[in-house]
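*Asks:* Structure: query07.tsv, TSV, C-alpha atoms.
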```
chain	number	residue	atom	x	y	z
I	1	MET	CA	107.10	103.32	104.07
I	2	LEU	CA	110.64	102.98	105.33
I	3	SER	CA	110.64	101.57	108.84
I	4	PHE	CA	113.98	101.82	110.56
I	5	ASP	CA	115.33	99.93	113.58
I	6	ILE	CA	118.86	101.05	114.50
I	7	THR	CA	119.69	97.87	116.46
I	8	ASN	CA	118.75	95.77	113.44
I	9	VAL	CA	121.05	97.84	111.19
I	10	PHE	CA	124.16	96.72	113.06
I	11	SER	CA	123.13	93.09	113.42
I	12	ARG	CA	122.20	92.75	109.75
I	13	SER	CA	125.13	94.79	108.44
I	14	ILE	CA	127.96	92.87	110.08
I	15	ILE	CA	129.52	91.86	106.73
I	16	PRO	CA	130.08	95.43	105.42
I	17	PHE	CA	131.33	96.50	108.88
I	18	ARG	CA	133.79	93.60	109.00
I	19	PHE	CA	134.96	94.38	105.49
I	20	VAL	CA	135.61	98.03	106.40
I	21	PHE	CA	137.46	96.87	109.53
I	22	LEU	CA	139.66	94.65	107.34
I	23	MET	CA	140.38	97.58	105.00
I	24	TRP	CA	141.45	99.74	107.93
I	25	LEU	CA	143.53	96.94	109.44
I	26	PHE	CA	145.58	96.56	106.25
I	27	PHE	CA	145.86	100.33	105.86
I	28	SER	CA	147.02	100.71	109.47
I	29	VAL	CA	149.66	98.00	109.09
I	30	GLU	CA	150.93	99.73	105.95
I	31	TYR	CA	150.99	103.11	107.67
I	32	ILE	CA	152.47	102.05	111.02
I	33	TYR	CA	155.02	99.50	109.83
I	34	GLY	CA	155.77	100.90	106.38
I	35	TYR	CA	154.74	97.78	104.50
I	36	GLN	CA	153.60	98.22	100.91
I	37	PHE	CA	150.68	96.00	99.97
I	38	HIS	CA	149.80	97.97	96.82
I	39	HIS	CA	151.62	95.50	94.60
I	40	PHE	CA	148.93	92.94	95.55
I	41	GLY	CA	146.35	94.80	93.47
I	42	ILE	CA	144.85	93.72	90.18
I	43	LEU	CA	147.38	93.69	87.36
I	44	PRO	CA	145.29	92.96	84.24
I	45	ARG	CA	146.06	89.90	82.14
I	46	ASN	CA	149.04	89.01	84.31
I	47	TYR	CA	149.10	85.82	86.39
I	48	TYR	CA	150.69	87.76	89.25
I	49	GLY	CA	147.70	90.12	89.16
I	50	LEU	CA	145.19	87.30	89.69
I	51	LEU	CA	145.75	87.55	93.46
I	52	GLY	CA	144.47	91.10	93.22
I	53	ILE	CA	140.99	89.81	92.40
I	54	LEU	CA	140.78	88.87	96.09
I	55	THR	CA	143.03	91.51	97.67
I	56	ALA	CA	142.51	94.73	95.69
I	57	PRO	CA	139.30	95.87	97.44
I	58	ILE	CA	140.98	95.91	100.86
I	59	LEU	CA	144.01	97.93	99.66
I	60	HIS	CA	144.09	101.73	99.51
I	61	ILE	CA	146.78	104.16	98.44
I	62	ASN	CA	146.28	106.91	101.05
I	63	PHE	CA	144.03	108.28	103.78
I	64	THR	CA	141.78	110.17	101.35
I	65	HIS	CA	141.28	107.02	99.28
I	66	ILE	CA	140.27	104.84	102.24
I	67	ILE	CA	137.94	107.48	103.70
I	68	SER	CA	136.26	107.99	100.32
I	69	ASN	CA	135.58	104.22	100.22
I	70	THR	CA	134.70	103.70	103.90
I	71	ILE	CA	131.68	105.98	104.17
I	72	PRO	CA	129.89	104.76	101.00
I	73	LEU	CA	130.62	101.13	101.89
I	74	LEU	CA	129.06	101.52	105.31
I	75	LEU	CA	126.03	103.42	104.04
I	76	LEU	CA	125.37	101.42	100.87
I	77	GLY	CA	126.33	98.09	102.45
I	78	GLY	CA	124.24	98.84	105.53
I	79	GLY	CA	121.28	99.82	103.34
I	80	LEU	CA	121.62	96.69	101.23
I	81	PHE	CA	121.77	94.36	104.23
I	82	TYR	CA	119.02	96.18	106.13
I	83	PHE	CA	116.45	96.51	103.36
I	84	TYR	CA	117.27	93.51	101.14
I	85	TYR	CA	118.68	91.07	103.65
I	86	LYS	CA	117.83	87.83	101.79
I	87	LYS	CA	119.71	88.96	98.67
I	88	ALA	CA	122.43	90.97	100.41
I	89	LYS	CA	125.15	88.34	100.89
I	90	PHE	CA	124.99	87.21	97.29
I	91	VAL	CA	124.97	90.79	95.99
I	92	PHE	CA	127.83	91.87	98.27
I	93	TYR	CA	130.11	88.94	97.46
I	94	ALA	CA	129.34	89.11	93.74
I	95	SER	CA	130.09	92.85	93.90
I	96	TYR	CA	133.38	92.02	95.59
I	97	ILE	CA	134.59	89.48	93.03
I	98	ILE	CA	133.02	90.04	89.60
I	99	PRO	CA	134.14	93.67	88.98
I	100	ASN	CA	137.70	92.62	89.84
I	101	VAL	CA	137.55	89.74	87.36
I	102	LEU	CA	136.29	92.12	84.66
I	103	VAL	CA	139.11	94.55	85.44
I	104	TRP	CA	141.68	91.74	85.26
I	105	ILE	CA	140.35	90.78	81.80
I	106	PHE	CA	139.66	94.19	80.22
I	107	ALA	CA	141.42	97.05	82.05
I	108	ARG	CA	144.57	99.02	81.28
I	109	PRO	CA	147.79	97.27	82.32
I	110	LEU	CA	148.14	99.28	85.54
I	111	MET	CA	147.82	98.24	89.18
I	112	HIS	CA	144.18	98.63	90.30
I	113	ILE	CA	143.32	98.81	94.01
I	114	GLY	CA	140.43	99.98	96.18
I	115	ALA	CA	136.82	99.12	96.93
I	116	SER	CA	135.20	101.38	94.36
I	117	GLY	CA	134.03	98.43	92.27
I	118	ILE	CA	131.93	97.27	95.23
I	119	ILE	CA	130.63	100.79	95.87
I	120	TYR	CA	129.55	101.31	92.26
I	121	ALA	CA	127.94	97.86	92.16
I	122	LEU	CA	125.97	98.44	95.37
I	123	ALA	CA	124.84	101.94	94.37
I	124	THR	CA	123.73	100.74	90.94
I	125	TYR	CA	121.99	97.71	92.41
I	126	LEU	CA	120.02	99.80	94.93
I	127	VAL	CA	118.95	102.31	92.27
I	128	MET	CA	118.01	99.65	89.73
I	129	VAL	CA	116.01	97.61	92.25
I	130	GLY	CA	114.01	100.76	93.01
I	131	LEU	CA	113.35	101.38	89.34
I	132	LEU	CA	112.42	97.75	88.66
I	133	ARG	CA	110.22	97.16	91.70
I	134	ARG	CA	108.53	100.54	91.75
I	135	ASP	CA	107.19	100.20	95.28
I	136	ILE	CA	107.45	103.12	97.69
I	137	LYS	CA	110.23	101.63	99.85
I	138	SER	CA	112.48	100.66	96.94
I	139	LEU	CA	111.90	103.96	95.14
I	140	LEU	CA	112.74	105.96	98.28
I	141	ILE	CA	115.95	103.97	98.73
I	142	ALA	CA	116.85	104.54	95.07
I	143	ILE	CA	116.16	108.28	95.37
I	144	MET	CA	118.29	108.53	98.52
I	145	VAL	CA	121.17	106.74	96.78
I	146	VAL	CA	120.91	109.03	93.75
I	147	ILE	CA	120.84	112.14	95.96
I	148	LEU	CA	123.77	111.02	98.12
I	149	TYR	CA	125.91	109.47	95.39
I	150	SER	CA	125.02	111.14	92.11
I	151	SER	CA	128.64	112.31	91.89
I	152	LEU	CA	129.70	108.67	91.51
I	153	PHE	CA	128.73	108.78	87.88
I	154	PHE	CA	131.50	111.31	87.17
I	155	GLY	CA	133.91	108.50	88.10
I	156	LEU	CA	132.83	106.56	85.01
I	157	VAL	CA	134.72	108.96	82.78
I	158	LYS	CA	138.50	108.80	82.62
I	159	GLN	CA	139.76	111.85	84.49
I	160	LEU	CA	143.11	110.89	86.03
I	161	ASP	CA	145.43	108.07	85.10
I	162	SER	CA	145.63	107.14	88.79
I	163	VAL	CA	141.87	106.49	89.03
I	164	SER	CA	140.57	103.10	87.95
I	165	TYR	CA	137.51	104.17	85.99
I	166	GLU	CA	137.46	100.60	84.66
I	167	LEU	CA	136.74	99.34	88.18
I	168	HIS	CA	133.94	101.91	88.49
I	169	PHE	CA	132.44	100.88	85.16
I	170	ALA	CA	132.73	97.18	86.00
I	171	GLY	CA	130.88	97.85	89.28
I	172	VAL	CA	128.03	99.55	87.41
I	173	ILE	CA	127.76	96.59	85.01
I	174	VAL	CA	127.68	94.13	87.91
I	175	GLY	CA	125.14	96.12	89.96
I	176	PHE	CA	122.88	96.52	86.94
I	177	SER	CA	123.15	92.82	86.05
I	178	LEU	CA	122.45	91.66	89.60
I	179	ALA	CA	119.35	93.86	89.85
I	180	ILE	CA	118.02	92.54	86.52
I	181	TYR	CA	118.82	88.96	87.56
I	182	HIS	CA	117.03	89.28	90.89
I	183	ASN	CA	114.07	91.05	89.33
I	184	PHE	CA	113.42	88.22	86.89
I	185	LYS	CA	114.50	85.33	89.09
I	186	THR	CA	112.57	86.02	92.27
I	187	ASP	CA	109.97	88.17	93.87
I	188	LEU	CA	111.92	90.94	95.59
I	189	SER	CA	108.94	91.79	97.80
I	190	THR	CA	109.94	88.90	100.07
I	191	ASP	CA	113.39	90.36	100.80
I	192	VAL	CA	113.01	91.60	104.33
```
Show me the file's structure as structure tokens.

*Replies:*
Amino acid sequence: MLSFDITNVFSRSIIPFRFVFLMWLFFSVEYIYGYQFHHFGILPRNYYGLLGILTAPILHINFTHIISNTIPLLLLGGGLFYFYYKKAKFVFYASYIIPNVLVWIFARPLMHIGASGIIYALATYLVMVGLLRRDIKSLLIAIMVVILYSSLFFGLVKQLDSVSYELHFAGVIVGFSLAIYHNFKTDLSTDV
């Protein structure tokens, strides 16, 4: 079953916690000093927008946006690093970069910011690993992710022009691809 050691969660999950700290640091500097970092997002098919591939996930437009990315990043990132530690760094960093590259190539010519590409990639990865492995632990993790984040899938449909559904969709593609890749490449039962 799912064994859980709270001290191990923090030690294994340092990368998602540091990433969230970095997001809040940039947001705080923007808020306190009035700087505008939003123009460092992803601007598709524009050389200026290439920098956004690295910077967009740490930039957020307002308090609601950063909160809606913080909680899933901590929970999904913590779950990834706790339960699939050997694969977690690769999955997290690939989820950070690859959706942004896809958005730069294929998305609407608008400025795209936020960490939702990572969130969608991690959620999809955790669900797909559960479906592919079919052991009790992985299935329980997948079920918990579906229960907690089933509303994420509404973000795949264009609702508002200000929401980057392309980043959401790119995250799903990356999470799905990483789960398939790891399922065929290695034995996931040796993760922990």

*Asks:* Go through I:Gly171, I:Ile147, I:Ile136, I:Ala142 and flag the residue nearest Leu122 in chain I, using only C-alpha atoms for the distances.

*Replies:* I:Gly171

*Asks:* Please, what distance in Å, to one decimal, runs between CA of Phe63 in chain I and CA of Ser164 in chain I?

*Replies:*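 Atom-to-atom, CA of Phe63 in chain I to CA of Ser164 in chain I, that is 17.0 Å.
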
*Asks:* With a distance cut-off of 7 Å and all atoms listed in the file, select the neighbouring residues of Phe176 in chain I, excluding the residue or stretch itself and same-chain residues fewer than 4 positions from it, and output the selection as a list in words.

*Replies:* Thr124, Tyr125, Met128, Val172 and Ile180 of chain I

*Asks:* Would you mind exporting C-alpha atoms of the selected residues as an mmCIF file, in the coordinates of the input?

*Replies:*
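Here's the written file result_11.cif:
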```cif
data_model
loop_
_atom_site.group_PDB
_atom_site.id
_atom_site.type_symbol
_atom_site.label_atom_id
_atom_site.label_comp_id
_atom_site.auth_asym_id
_atom_site.auth_seq_id
_atom_site.Cartn_x
_atom_site.Cartn_y
_atom_site.Cartn_z
ATOM 1 C CA THR I 124 123.730 100.740 90.940
ATOM 2 C CA TYR I 125 121.990 97.710 92.410
ATOM 3 C CA MET I 128 118.010 99.650 89.730
ATOM 4 C CA VAL I 172 128.030 99.550 87.410
ATOM 5 C CA ILE I 180 118.020 92.540 86.520
#
```

*Asks:* Can you build me a table of range 27-47 of chain I residues sitting at most 10 Å from range 57-62 of chain I, with the closest atom pair per residue and its distance in Å to one decimal, using all atoms listed in the file, sorted by chain and residue number, as a Markdown table?

*Replies:*
```
| residue | atom | partner | partner_atom | distance |
| --- | --- | --- | --- | --- |
| I:Phe27 | CA | I:His60 | CA | 6.7 |
| I:Glu30 | CA | I:Leu59 | CA | 9.5 |
| I:Tyr31 | CA | I:Asn62 | CA | 9.0 |
| I:Gln36 | CA | I:Ile61 | CA | 9.4 |
| I:Phe37 | CA | I:Leu59 | CA | 7.0 |
| I:His38 | CA | I:Leu59 | CA | 6.4 |
| I:His39 | CA | I:Leu59 | CA | 9.5 |
| I:Phe40 | CA | I:Leu59 | CA | 8.1 |
| I:Gly41 | CA | I:Leu59 | CA | 7.3 |
| I:Ile42 | CA | I:Pro57 | CA | 9.4 |
```

*Asks:* Write out as a ChimeraX atom specification the residues lying within 10 Å of Val91 in chain I, counting all atoms listed in the file and excluding same-chain residues fewer than 2 positions away.

*Replies:* /I:77,80-81,84-89,93-96,118,121-122,125,174-175,178-179,182

*Asks:* Quick one: distance from CA of Val127 in chain I to CA of Val103 in chain I in Å, one decimal?

*Replies:*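 Computing the Euclidean distance for CA of Val127 in chain I and CA of Val103 in chain I yields 22.7 Å.
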
*Asks:* Starting from the point (142.8, 89.0, 89.4), work out which residues of protein, DNA or RNA have an atom no more than 10 Å away when counting only C-alpha atoms; state them as a ChimeraX atom specification.

*Replies:* /I:40-56,97-105,112

*Asks:* Please tell me which residues are no farther than 7 Å from (121.6, 102.2, 100.5) in the file, counting all atoms listed in the file, and write them as an mmCIF file with C-alpha atoms, in the coordinates of the input.

*Replies:*
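Dumped to point.cif:
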```cif
data_model
loop_
_atom_site.group_PDB
_atom_site.id
_atom_site.type_symbol
_atom_site.label_atom_id
_atom_site.label_comp_id
_atom_site.auth_asym_id
_atom_site.auth_seq_id
_atom_site.Cartn_x
_atom_site.Cartn_y
_atom_site.Cartn_z
ATOM 1 C CA LEU I 75 126.030 103.420 104.040
ATOM 2 C CA LEU I 76 125.370 101.420 100.870
ATOM 3 C CA GLY I 77 126.330 98.090 102.450
ATOM 4 C CA GLY I 78 124.240 98.840 105.530
ATOM 5 C CA GLY I 79 121.280 99.820 103.340
ATOM 6 C CA LEU I 80 121.620 96.690 101.230
ATOM 7 C CA ALA I 123 124.840 101.940 94.370
ATOM 8 C CA LEU I 126 120.020 99.800 94.930
ATOM 9 C CA ILE I 141 115.950 103.970 98.730
ATOM 10 C CA VAL I 145 121.170 106.740 96.780
#
```

*Asks:* What gap, in Å, lies between CA of Arg18 in chain I and CA of Thr64 in chain I?

*Replies:*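 Here the two named atoms are 19.9 Å from each other.
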